[in-house]
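Asker: Input structure: start-v2.cif, which contains mmCIF, C-alpha atoms.
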```cif
data_model
#
loop_
_atom_site.group_PDB
_atom_site.id
_atom_site.type_symbol
_atom_site.label_atom_id
_atom_site.label_comp_id
_atom_site.auth_asym_id
_atom_site.auth_seq_id
_atom_site.Cartn_x
_atom_site.Cartn_y
_atom_site.Cartn_z
ATOM 1 C CA MET Y 727 -138.254 52.803 172.901
ATOM 2 C CA THR Y 728 -136.455 49.840 171.316
ATOM 3 C CA THR Y 729 -133.650 48.335 173.392
ATOM 4 C CA TYR Y 730 -130.727 46.675 171.618
ATOM 5 C CA PRO Y 731 -128.083 44.345 173.076
ATOM 6 C CA ALA Y 732 -125.449 46.466 174.817
ATOM 7 C CA ILE Y 733 -122.454 46.127 177.116
ATOM 8 C CA THR Y 734 -120.042 48.464 178.856
ATOM 9 C CA LEU Y 735 -116.584 47.242 177.912
ATOM 10 C CA GLY Y 736 -114.472 46.463 180.936
ATOM 11 C CA ILE Y 737 -111.144 47.937 179.822
ATOM 12 C CA SER Y 738 -112.078 51.124 177.968
ATOM 13 C CA GLY Y 739 -115.443 51.758 179.627
ATOM 14 C CA TYR Y 740 -116.935 52.364 176.173
ATOM 15 C CA ARG Y 741 -120.508 51.292 175.501
ATOM 16 C CA ALA Y 742 -120.890 48.713 172.724
ATOM 17 C CA VAL Y 743 -124.292 48.222 171.086
ATOM 18 C CA ILE Y 744 -125.477 45.804 168.408
ATOM 19 C CA GLU Y 745 -128.133 47.391 166.230
ATOM 20 C CA PRO Y 746 -130.082 45.790 163.385
ATOM 21 C CA ASP Y 747 -129.611 47.237 159.909
ATOM 22 C CA ARG Y 748 -133.077 48.478 159.039
ATOM 23 C CA PHE Y 749 -132.290 48.381 155.307
ATOM 24 C CA VAL Y 750 -130.662 44.931 154.976
ATOM 25 C CA PRO Y 751 -132.539 41.999 156.544
ATOM 26 C CA GLY Y 752 -130.299 39.710 158.600
ATOM 27 C CA SER Y 753 -127.648 42.397 159.042
ATOM 28 C CA TYR Y 754 -126.366 44.132 162.175
ATOM 29 C CA GLN Y 755 -124.000 46.915 163.117
ATOM 30 C CA LEU Y 756 -121.631 47.075 166.084
ATOM 31 C CA VAL Y 757 -121.392 50.593 167.477
ATOM 32 C CA VAL Y 758 -118.702 51.400 170.071
ATOM 33 C CA ASP Y 759 -118.659 54.770 171.840
ATOM 34 C CA GLY Y 760 -121.048 56.091 169.225
ATOM 35 C CA THR Y 761 -118.823 55.006 166.326
ATOM 36 C CA PRO Y 762 -120.000 52.340 163.847
ATOM 37 C CA GLN Y 763 -117.166 49.790 163.898
ATOM 38 C CA SER Y 764 -118.481 46.703 162.144
ATOM 39 C CA HIS Y 765 -121.303 45.490 159.942
ATOM 40 C CA VAL Y 766 -122.253 41.815 159.700
ATOM 41 C CA ASN Y 767 -124.757 40.027 157.481
ATOM 42 C CA LEU Y 768 -125.536 36.781 159.282
ATOM 43 C CA ASP Y 769 -127.457 35.482 156.269
ATOM 44 C CA ASP Y 770 -124.569 36.224 153.906
ATOM 45 C CA PRO Y 771 -121.157 36.665 155.595
ATOM 46 C CA ALA Y 772 -119.605 37.261 152.162
ATOM 47 C CA GLN Y 773 -121.436 40.586 151.937
ATOM 48 C CA LEU Y 774 -119.236 43.464 153.081
ATOM 49 C CA HIS Y 775 -120.911 46.766 153.821
ATOM 50 C CA PHE Y 776 -118.387 49.434 154.847
ATOM 51 C CA GLU Y 777 -116.396 50.751 151.881
ATOM 52 C CA TYR Y 778 -112.968 50.279 153.423
ATOM 53 C CA ILE Y 779 -113.839 46.712 154.430
ATOM 54 C CA GLN Y 780 -114.902 46.032 150.847
ATOM 55 C CA ARG Y 781 -111.485 47.178 149.629
ATOM 56 C CA ILE Y 782 -109.690 44.873 152.074
ATOM 57 C CA GLY Y 783 -112.056 42.095 150.981
ATOM 58 C CA HIS Y 784 -111.011 42.669 147.368
ATOM 59 C CA VAL Y 785 -107.347 42.355 148.401
ATOM 60 C CA ILE Y 786 -108.136 39.078 150.174
ATOM 61 C CA ASP Y 787 -109.886 37.827 147.032
ATOM 62 C CA GLU Y 788 -106.693 38.365 145.014
ATOM 63 C CA LEU Y 789 -104.267 36.708 147.449
ATOM 64 C CA ARG Y 790 -104.473 33.158 146.142
ATOM 65 C CA GLU Y 791 -106.666 31.099 143.837
ATOM 66 C CA PRO Y 792 -110.370 31.574 144.657
ATOM 67 C CA GLY Y 793 -111.475 29.379 147.537
ATOM 68 C CA THR Y 794 -107.919 28.451 148.556
ATOM 69 C CA PRO Y 795 -107.402 28.484 152.349
ATOM 70 C CA ILE Y 796 -105.120 31.222 153.661
ATOM 71 C CA THR Y 797 -103.489 32.178 156.934
ATOM 72 C CA ALA Y 798 -104.756 35.489 158.307
ATOM 73 C CA VAL Y 799 -104.013 37.525 161.412
ATOM 74 C CA HIS Y 800 -106.448 40.244 162.452
ATOM 75 C CA LEU Y 801 -105.346 42.975 164.846
ATOM 76 C CA GLY Y 802 -108.643 44.245 166.223
ATOM 77 C CA ALA Y 803 -111.789 42.119 166.348
ATOM 78 C CA GLY Y 804 -114.836 44.357 166.036
ATOM 79 C CA ALA Y 805 -117.717 42.060 165.103
ATOM 80 C CA LEU Y 806 -115.300 39.706 163.272
ATOM 81 C CA THR Y 807 -116.526 40.820 159.858
ATOM 82 C CA LEU Y 808 -113.407 39.915 157.866
ATOM 83 C CA PRO Y 809 -112.767 36.641 159.730
ATOM 84 C CA ARG Y 810 -116.336 35.653 158.850
ATOM 85 C CA TYR Y 811 -115.742 36.696 155.244
ATOM 86 C CA ILE Y 812 -112.587 34.590 154.964
ATOM 87 C CA ALA Y 813 -114.266 31.599 156.613
ATOM 88 C CA GLU Y 814 -117.115 31.879 154.094
ATOM 89 C CA THR Y 815 -115.077 32.484 150.934
ATOM 90 C CA ARG Y 816 -111.971 30.443 151.836
ATOM 91 C CA PRO Y 817 -113.074 27.482 154.000
ATOM 92 C CA ASN Y 818 -110.432 25.838 156.206
ATOM 93 C CA SER Y 819 -108.392 29.028 156.455
ATOM 94 C CA ARG Y 820 -106.307 29.466 159.604
ATOM 95 C CA GLN Y 821 -107.161 32.704 161.425
ATOM 96 C CA GLN Y 822 -105.915 34.434 164.561
ATOM 97 C CA VAL Y 823 -107.586 37.496 166.068
ATOM 98 C CA LEU Y 824 -106.039 39.806 168.673
ATOM 99 C CA GLU Y 825 -108.452 41.946 170.706
ATOM 100 C CA LEU Y 826 -107.891 44.146 173.732
ATOM 101 C CA GLU Y 827 -111.428 44.079 175.150
ATOM 102 C CA THR Y 828 -111.911 40.694 176.803
ATOM 103 C CA ASP Y 829 -115.685 40.976 176.893
ATOM 104 C CA LEU Y 830 -116.253 42.242 173.341
ATOM 105 C CA VAL Y 831 -115.911 39.010 171.369
ATOM 106 C CA PRO Y 832 -118.062 36.931 173.791
ATOM 107 C CA PHE Y 833 -120.712 39.657 173.538
ATOM 108 C CA VAL Y 834 -120.513 39.614 169.736
ATOM 109 C CA ARG Y 835 -120.587 35.818 169.555
ATOM 110 C CA GLU Y 836 -123.632 35.643 171.820
ATOM 111 C CA HIS Y 837 -125.694 37.940 169.625
ATOM 112 C CA LEU Y 838 -124.004 37.422 166.231
ATOM 113 C CA PRO Y 839 -122.911 33.747 166.270
ATOM 114 C CA LEU Y 840 -119.946 32.626 164.188
ATOM 115 C CA PRO Y 841 -120.351 29.924 161.533
ATOM 116 C CA ALA Y 842 -119.950 26.520 163.153
ATOM 117 C CA ARG Y 843 -116.940 25.460 161.074
ATOM 118 C CA ALA Y 844 -115.017 28.739 161.193
ATOM 119 C CA ASN Y 845 -111.414 28.184 162.344
ATOM 120 C CA ILE Y 846 -111.031 31.509 164.153
ATOM 121 C CA LYS Y 847 -108.916 31.687 167.306
ATOM 122 C CA VAL Y 848 -109.161 34.772 169.492
ATOM 123 C CA ARG Y 849 -106.435 35.965 171.853
ATOM 124 C CA TYR Y 850 -106.909 38.833 174.257
ATOM 125 C CA GLY Y 851 -104.509 41.634 175.049
ATOM 126 C CA ASP Y 852 -102.990 44.744 173.594
ATOM 127 C CA ALA Y 853 -102.299 44.091 169.905
ATOM 128 C CA ARG Y 854 -98.700 45.227 170.054
ATOM 129 C CA GLU Y 855 -97.840 43.370 173.251
ATOM 130 C CA SER Y 856 -99.655 40.251 172.078
ATOM 131 C CA LEU Y 857 -97.785 39.973 168.772
ATOM 132 C CA ALA Y 858 -94.736 38.525 170.501
ATOM 133 C CA LYS Y 859 -96.928 35.925 172.219
ATOM 134 C CA LEU Y 860 -98.318 34.401 169.026
ATOM 135 C CA PRO Y 861 -97.186 30.851 168.197
ATOM 136 C CA ALA Y 862 -93.686 30.812 166.720
ATOM 137 C CA GLY Y 863 -94.935 28.753 163.781
ATOM 138 C CA LEU Y 864 -97.204 31.597 162.714
ATOM 139 C CA PHE Y 865 -94.358 34.016 162.010
ATOM 140 C CA GLY Y 866 -93.397 34.169 158.361
ATOM 141 C CA THR Y 867 -96.577 32.360 157.278
ATOM 142 C CA ALA Y 868 -99.405 34.917 157.198
ATOM 143 C CA ASP Y 869 -100.865 35.624 153.771
ATOM 144 C CA ILE Y 870 -102.465 38.748 155.201
ATOM 145 C CA VAL Y 871 -102.237 40.737 158.412
ATOM 146 C CA VAL Y 872 -105.122 43.167 158.868
ATOM 147 C CA VAL Y 873 -104.533 46.138 161.149
ATOM 148 C CA ASP Y 874 -107.891 47.673 162.086
ATOM 149 C CA ILE Y 875 -107.372 48.926 165.630
ATOM 150 C CA PHE Y 876 -109.587 51.572 167.156
ATOM 151 C CA ALA Y 877 -110.264 52.757 170.676
ATOM 152 C CA GLY Y 878 -113.658 54.294 170.067
ATOM 153 C CA SER Y 879 -113.159 56.421 166.951
ATOM 154 C CA ARG Y 880 -109.350 56.765 167.114
ATOM 155 C CA THR Y 881 -106.348 54.530 166.497
ATOM 156 C CA PRO Y 882 -104.039 54.504 169.552
ATOM 157 C CA ALA Y 883 -100.598 56.027 169.031
ATOM 158 C CA HIS Y 884 -98.559 52.944 169.954
ATOM 159 C CA VAL Y 885 -99.919 50.989 166.965
ATOM 160 C CA THR Y 886 -99.008 53.647 164.400
ATOM 161 C CA SER Y 887 -95.199 53.636 164.638
ATOM 162 C CA GLN Y 888 -92.354 52.225 162.585
ATOM 163 C CA GLU Y 889 -91.494 49.894 165.444
ATOM 164 C CA PHE Y 890 -95.034 48.502 165.542
ATOM 165 C CA TYR Y 891 -95.219 47.903 161.793
ATOM 166 C CA ALA Y 892 -91.818 46.184 161.872
ATOM 167 C CA GLN Y 893 -93.242 43.773 164.476
ATOM 168 C CA ALA Y 894 -96.392 43.116 162.441
ATOM 169 C CA ALA Y 895 -94.394 42.559 159.233
ATOM 170 C CA LYS Y 896 -92.561 39.632 160.839
ATOM 171 C CA LEU Y 897 -95.787 37.627 160.608
ATOM 172 C CA LEU Y 898 -95.942 37.879 156.820
ATOM 173 C CA SER Y 899 -95.004 35.157 154.377
ATOM 174 C CA PRO Y 900 -92.499 36.275 151.706
ATOM 175 C CA ASP Y 901 -95.295 37.634 149.526
ATOM 176 C CA GLY Y 902 -97.790 38.277 152.334
ATOM 177 C CA ILE Y 903 -99.654 41.566 152.525
ATOM 178 C CA LEU Y 904 -100.139 43.971 155.413
ATOM 179 C CA ALA Y 905 -103.516 45.730 155.092
ATOM 180 C CA ILE Y 906 -104.109 48.767 157.291
ATOM 181 C CA ASN Y 907 -107.268 50.781 157.837
ATOM 182 C CA ILE Y 908 -106.502 54.451 158.466
ATOM 183 C CA ALA Y 909 -109.092 57.106 159.296
ATOM 184 C CA ASP Y 910 -108.157 60.715 158.585
ATOM 185 C CA GLY Y 911 -109.604 64.083 157.689
ATOM 186 C CA PRO Y 912 -108.920 66.956 155.281
ATOM 187 C CA GLY Y 913 -105.261 67.278 154.362
ATOM 188 C CA LEU Y 914 -104.521 63.633 155.239
ATOM 189 C CA ALA Y 915 -101.506 64.542 157.394
ATOM 190 C CA PHE Y 916 -101.968 61.440 159.533
ATOM 191 C CA ALA Y 917 -102.538 59.102 156.568
ATOM 192 C CA ARG Y 918 -99.526 60.467 154.697
ATOM 193 C CA GLY Y 919 -97.354 59.911 157.745
ATOM 194 C CA GLN Y 920 -98.670 56.377 158.089
ATOM 195 C CA ALA Y 921 -97.945 55.636 154.426
ATOM 196 C CA ALA Y 922 -94.399 56.976 154.798
ATOM 197 C CA THR Y 923 -93.918 54.932 157.963
ATOM 198 C CA VAL Y 924 -95.172 51.685 156.434
ATOM 199 C CA ALA Y 925 -92.997 52.289 153.350
ATOM 200 C CA SER Y 926 -89.952 52.527 155.629
ATOM 201 C CA VAL Y 927 -90.684 48.950 156.757
ATOM 202 C CA LEU Y 928 -92.082 47.301 153.621
ATOM 203 C CA PRO Y 929 -90.859 48.647 150.272
ATOM 204 C CA HIS Y 930 -93.952 48.039 148.173
ATOM 205 C CA VAL Y 931 -96.979 50.112 149.228
ATOM 206 C CA ALA Y 932 -100.245 51.255 147.680
ATOM 207 C CA ALA Y 933 -103.046 53.399 149.117
ATOM 208 C CA MET Y 934 -106.706 53.093 148.137
ATOM 209 C CA ALA Y 935 -109.657 55.256 149.078
ATOM 210 C CA GLU Y 936 -112.754 57.033 147.857
ATOM 211 C CA ALA Y 937 -111.610 59.779 145.506
ATOM 212 C CA GLN Y 938 -112.583 62.761 147.661
ATOM 213 C CA VAL Y 939 -110.931 61.196 150.721
ATOM 214 C CA LEU Y 940 -107.687 60.483 148.881
ATOM 215 C CA LYS Y 941 -107.640 64.067 147.657
ATOM 216 C CA GLY Y 942 -107.815 65.179 151.289
ATOM 217 C CA ARG Y 943 -111.164 66.919 150.939
ATOM 218 C CA ARG Y 944 -113.175 65.070 153.576
ATOM 219 C CA PHE Y 945 -112.875 62.649 156.492
ATOM 220 C CA GLY Y 946 -112.822 58.981 155.584
ATOM 221 C CA ASN Y 947 -110.856 55.748 155.431
ATOM 222 C CA VAL Y 948 -107.662 55.040 153.514
ATOM 223 C CA VAL Y 949 -106.557 51.424 153.069
ATOM 224 C CA LEU Y 950 -102.816 50.831 152.822
ATOM 225 C CA VAL Y 951 -101.543 47.550 151.393
ATOM 226 C CA ALA Y 952 -97.857 46.760 151.769
ATOM 227 C CA SER Y 953 -95.510 43.861 151.161
ATOM 228 C CA ALA Y 954 -91.840 42.913 151.027
ATOM 229 C CA HIS Y 955 -92.657 41.392 147.624
ATOM 230 C CA PRO Y 956 -93.706 43.527 144.629
ATOM 231 C CA LEU Y 957 -97.442 44.007 144.790
ATOM 232 C CA PRO Y 958 -99.330 42.523 141.833
ATOM 233 C CA LEU Y 959 -100.336 46.005 140.747
ATOM 234 C CA ASP Y 960 -102.280 44.656 137.797
ATOM 235 C CA TYR Y 961 -104.952 43.752 140.348
ATOM 236 C CA ILE Y 962 -105.530 47.356 141.430
ATOM 237 C CA PRO Y 963 -107.830 48.168 138.478
ATOM 238 C CA ARG Y 964 -109.852 45.080 139.412
ATOM 239 C CA LEU Y 965 -109.975 46.177 143.044
ATOM 240 C CA LEU Y 966 -111.204 49.611 142.099
ATOM 241 C CA ALA Y 967 -113.631 48.247 139.519
ATOM 242 C CA GLY Y 968 -115.087 46.073 142.276
ATOM 243 C CA GLY Y 969 -116.287 49.237 143.993
ATOM 244 C CA PRO Y 970 -117.309 51.128 145.944
ATOM 245 C CA HIS Y 971 -117.081 54.054 143.565
ATOM 246 C CA PRO Y 972 -115.551 56.489 142.799
ATOM 247 C CA ALA Y 973 -112.183 55.196 143.982
ATOM 248 C CA GLN Y 974 -108.532 55.996 143.441
ATOM 249 C CA ALA Y 975 -105.222 54.301 144.210
ATOM 250 C CA VAL Y 976 -101.714 55.662 144.505
ATOM 251 C CA HIS Y 977 -98.507 53.657 144.265
ATOM 252 C CA GLY Y 978 -95.012 53.966 142.863
ATOM 253 C CA ALA Y 979 -94.114 57.543 141.935
ATOM 254 C CA ALA Y 980 -97.597 58.743 142.914
ATOM 255 C CA LEU Y 981 -97.172 57.279 146.400
ATOM 256 C CA ALA Y 982 -93.756 58.950 146.723
ATOM 257 C CA GLU Y 983 -95.467 62.245 145.935
ATOM 258 C CA PHE Y 984 -98.292 61.422 148.358
ATOM 259 C CA THR Y 985 -95.795 60.885 151.191
ATOM 260 C CA ARG Y 986 -93.374 63.660 150.212
ATOM 261 C CA SER Y 987 -92.154 65.530 153.327
ATOM 262 C CA ALA Y 988 -94.360 63.333 155.572
ATOM 263 C CA PRO Y 989 -92.367 62.295 158.667
ATOM 264 C CA ILE Y 990 -91.745 58.654 159.545
ATOM 265 C CA VAL Y 991 -93.579 57.989 162.805
ATOM 266 C CA THR Y 992 -91.584 56.433 165.659
ATOM 267 C CA ASP Y 993 -92.553 55.445 169.176
ATOM 268 C CA GLN Y 994 -91.239 58.818 170.324
ATOM 269 C CA THR Y 995 -93.330 60.853 167.868
ATOM 270 C CA ALA Y 996 -96.488 58.733 167.517
ATOM 271 C CA VAL Y 997 -99.894 60.304 168.148
ATOM 272 C CA PRO Y 998 -103.427 58.873 167.897
ATOM 273 C CA SER Y 999 -105.391 59.269 164.692
ATOM 274 C CA PRO Y 1000 -107.448 62.475 164.535
ATOM 275 C CA PRO Y 1001 -110.976 62.371 165.965
ATOM 276 C CA PRO Y 1002 -113.768 62.621 163.419
ATOM 277 C CA ASN Y 1003 -116.531 65.138 163.689
ATOM 278 C CA ARG Y 1004 -119.471 63.262 165.226
ATOM 279 C CA SER Y 1005 -121.625 64.364 162.297
ATOM 280 C CA VAL Y 1006 -119.672 61.899 160.147
ATOM 281 C CA PHE Y 1007 -121.685 59.056 161.683
ATOM 282 C CA LEU Y 1008 -125.133 60.629 161.615
ATOM 283 C CA ALA Y 1009 -127.659 59.176 159.229
ATOM 284 C CA LYS Y 1010 -128.418 61.497 156.337
#
```
How would this structure read if it were set down as structure tokens?

Answerer:
Amino acid sequence: MTTYPAITLGISGYRAVIEPDRFVPGSYQLVVDGTPQSHVNLDDPAQLHFEYIQRIGHVIDELREPGTPITAVHLGAGALTLPRYIAETRPNSRQQVLELETDLVPFVREHLPLPARANIKVRYGDARESLAKLPAGLFGTADIVVVDIFAGSRTPAHVTSQEFYAQAAKLLSPDGILAINIADGPGLAFARGQAATVASVLPHVAAMAEAQVLKGRRFGNVVLVASAHPLPLDYIPRLLAGGPHPAQAVHGAALAEFTRSAPIVTDQTAVPSPPPNRSVFLAK
């Protein structure tokens, strides 16, 4: 039996394993508590594998002129897939990562080393509590804040509320974008509530997902992008054309319909994201 690098995370007690991708040479997958959380191609960090990560990557591509350094804050580390992507495609970018599990990033870096010149700083602690501890000079400067926080297969309740998103939005530059990965199942009750909540903090919001997910027919990931500045919506066709397919996006009147009657989530009403059926992660 093949043994892969593994660790029991000290805070959650979850087991984290790094497995090679048998189909893509030089690529690996981080699995936490049985849930695939990250995919990294060490030979080509610009290759993004998971569909929702590809969509966030497309948003990053459209932020500034190609190759221009940006300032990015990542809430949730995983295997540092997007920080690697930014370091590869936008050298000299300034990046901060917040991660709860103090032993996860050292484990990842031991087995999946970061590029030598990557300017990626990692801080440990609860994402919400740690926001206030970031350097004062970072607030109001972030081109993108990525919220991709999972405890195993679920997003904790305290990072799904209006109060949390208001804190995260303070990091953004005037036209900076908040990008949020949301996992939800049929009906999309959780995702609709998250979209309504984000829209109560930042007025310009769009949601992107695989077509069947966005129609609420199966479990999957929805990416929300939000900003205080009007989103350059002309880029959405390019984002969708970049794949994966088939994809849809809702914004404007369509987003208002998407969130109609969905409650705004507060600290008092917040709940974790719904658990997926374990069969979602089984190889077909």

Asker: How big is the axis-aligned box, and where does its centre sit, when it encloses all atoms of range 882-892 of chain Y listed in the file and has 4 Å added on every side, reported in Å to one decimal as lines of an AutoDock Vina configuration file?

Answerer:
```
center_x = -97.8
center_y = 51.1
center_z = 165.9
size_x = 20.5
size_y = 17.8
size_z = 16.2
```

Asker: The PyMOL selection byres ((chain Y and resi 808-823) around 9) on the file shown: which residues, as a short mmCIF file (atom, residue, chain, number, x, y, z; two decimals) with C-alpha atoms, in the frame of the given file?

Answerer:
```cif
data_model
loop_
_atom_site.label_atom_id
_atom_site.label_comp_id
_atom_site.auth_asym_id
_atom_site.auth_seq_id
_atom_site.Cartn_x
_atom_site.Cartn_y
_atom_site.Cartn_z
CA VAL Y 766 -122.25 41.82 159.70
CA ASP Y 770 -124.57 36.22 153.91
CA PRO Y 771 -121.16 36.66 155.60
CA ALA Y 772 -119.60 37.26 152.16
CA GLN Y 773 -121.44 40.59 151.94
CA LEU Y 774 -119.24 43.46 153.08
CA ILE Y 779 -113.84 46.71 154.43
CA ILE Y 782 -109.69 44.87 152.07
CA GLY Y 783 -112.06 42.10 150.98
CA ILE Y 786 -108.14 39.08 150.17
CA ASP Y 787 -109.89 37.83 147.03
CA PRO Y 792 -110.37 31.57 144.66
CA GLY Y 793 -111.48 29.38 147.54
CA THR Y 794 -107.92 28.45 148.56
CA PRO Y 795 -107.40 28.48 152.35
CA ILE Y 796 -105.12 31.22 153.66
CA THR Y 797 -103.49 32.18 156.93
CA ALA Y 798 -104.76 35.49 158.31
CA VAL Y 799 -104.01 37.52 161.41
CA HIS Y 800 -106.45 40.24 162.45
CA LEU Y 801 -105.35 42.98 164.85
CA GLY Y 802 -108.64 44.24 166.22
CA ALA Y 803 -111.79 42.12 166.35
CA ALA Y 805 -117.72 42.06 165.10
CA LEU Y 806 -115.30 39.71 163.27
CA THR Y 807 -116.53 40.82 159.86
CA LEU Y 824 -106.04 39.81 168.67
CA GLU Y 825 -108.45 41.95 170.71
CA LEU Y 840 -119.95 32.63 164.19
CA PRO Y 841 -120.35 29.92 161.53
CA ARG Y 843 -116.94 25.46 161.07
CA ALA Y 844 -115.02 28.74 161.19
CA ASN Y 845 -111.41 28.18 162.34
CA ILE Y 846 -111.03 31.51 164.15
CA LYS Y 847 -108.92 31.69 167.31
CA VAL Y 848 -109.16 34.77 169.49
CA ARG Y 849 -106.44 35.97 171.85
CA TYR Y 850 -106.91 38.83 174.26
CA LEU Y 860 -98.32 34.40 169.03
CA VAL Y 872 -105.12 43.17 158.87
#
```

Asker: Check the smallest atom-to-atom distance from each of Y:Ala868, Y:Ile903, Y:Asp993, Y:Phe833 to Phe890 in chain Y using only C-alpha atoms, then report the winner.

Answerer: Y:Asp993

Asker: Using the chain letters and residue numbers of this document, give as a list of chain:residue names the residues selected by the PyMOL selection byres ((chain Y and resi 963-977) around 7).

Answerer: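 In the shown coordinates, the PyMOL selection byres ((chain Y and resi 963-977) around 7) covers Y:Glu777, Y:Arg781, Y:His784, Y:Val931, Y:Ala932, Y:Ala933, Y:Met934, Y:Ala935, Y:Glu936, Y:Ala937, Y:Asp960, Y:Tyr961, Y:Ile962, Y:Gly978, Y:Ala979, Y:Ala980, Y:Leu981.
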
Asker: Provide the CA of Ile875 in chain Y to CA of Ala862 in chain Y distance in Å, to one decimal place.

Answerer: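 For CA of Ile875 in chain Y relative to CA of Ala862 in chain Y, the distance reads 22.7 Å.
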
Asker: Taking only C-alpha atoms into account, name the residue in Y:Gly739, Y:Pro882, Y:Pro832, Y:Gly946 that is nearest to Arg854 in chain Y.

Answerer: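 Of the candidates, the smallest distance to Arg854 in chain Y is held by Y:Pro882.
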
Asker: Evaluate the PyMOL selection byres ((chain Y and resi 950) around 8) and record the selected residues as JSON, numbers by chain, following the chain and residue labels used in the document.

Answerer: {"Y": [904, 905, 906, 907, 908, 921, 931, 932, 933, 934, 948, 949, 951, 952]}

Asker: Given all atoms listed in the file as the basis, pick out the residue of Y:Ser856, Y:Pro958, Y:Gln893, Y:Thr985 nearest to Gly913 in chain Y.

Answerer: Y:Thr985

Asker: Pick from Y:Asp874, Y:Gly866, Y:Pro912, Y:Gly942: nearest to Ala954 in chain Y, with only C-alpha atoms counted?

Answerer: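 Looking only at the distances to Ala954 in chain Y, the closest residue turns out to be Y:Gly866.
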
Asker: Closest to Gly919 in chain Y among Y:Val834, Y:Ala982, Y:Val757, Y:Ile733, using only C-alpha atoms?

Answerer: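 Residue with the minimum atom-to-atom distance to Gly919 in chain Y: Y:Ala982.
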
Asker: Pick the closest to Ala894 in chain Y from Y:Thr828, Y:Val927, Y:Tyr754, Y:Phe876: which is it, counting only C-alpha atoms?

Answerer: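 For Ala894 in chain Y, the nearest of the given residues is Y:Val927.
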
Asker: Select all residues near (-101.1, 36.2, 145.5) (cut-off 8 Å, inclusive, file coordinates), counting all atoms listed in the file, and output them as a list in words.

Answerer: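 The answer, in the requested form, is Glu788, Leu789, Arg790, Glu791, Asp901, Gly902 and Pro958 of chain Y.
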
Asker: Record the distance separating CA of Thr923 in chain Y and CA of Val991 in chain Y, expressed in Å with one decimal.

Answerer: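 Interatomic distance here is 5.7 Å.
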
Asker: Between CA of Val831 in chain Y and CA of Glu745 in chain Y, what distance in Å does the model show, to one decimal?

Answerer: 15.7 Å

Asker: With only C-alpha atoms as the counted atoms, please give the residues lying no more than 7 Å from Gly878 in chain Y, apart from itself and same-chain residues fewer than 3 positions off, as a PDB file with C-alpha atoms, keeping the file's coordinate frame.

Answerer:
```
ATOM      1  CA  VAL Y 758    -118.702  51.400 170.071  1.00  0.00           C
ATOM      2  CA  ASP Y 759    -118.659  54.770 171.840  1.00  0.00           C
ATOM      3  CA  THR Y 761    -118.823  55.006 166.326  1.00  0.00           C
TER       4      THR Y 761
END
```
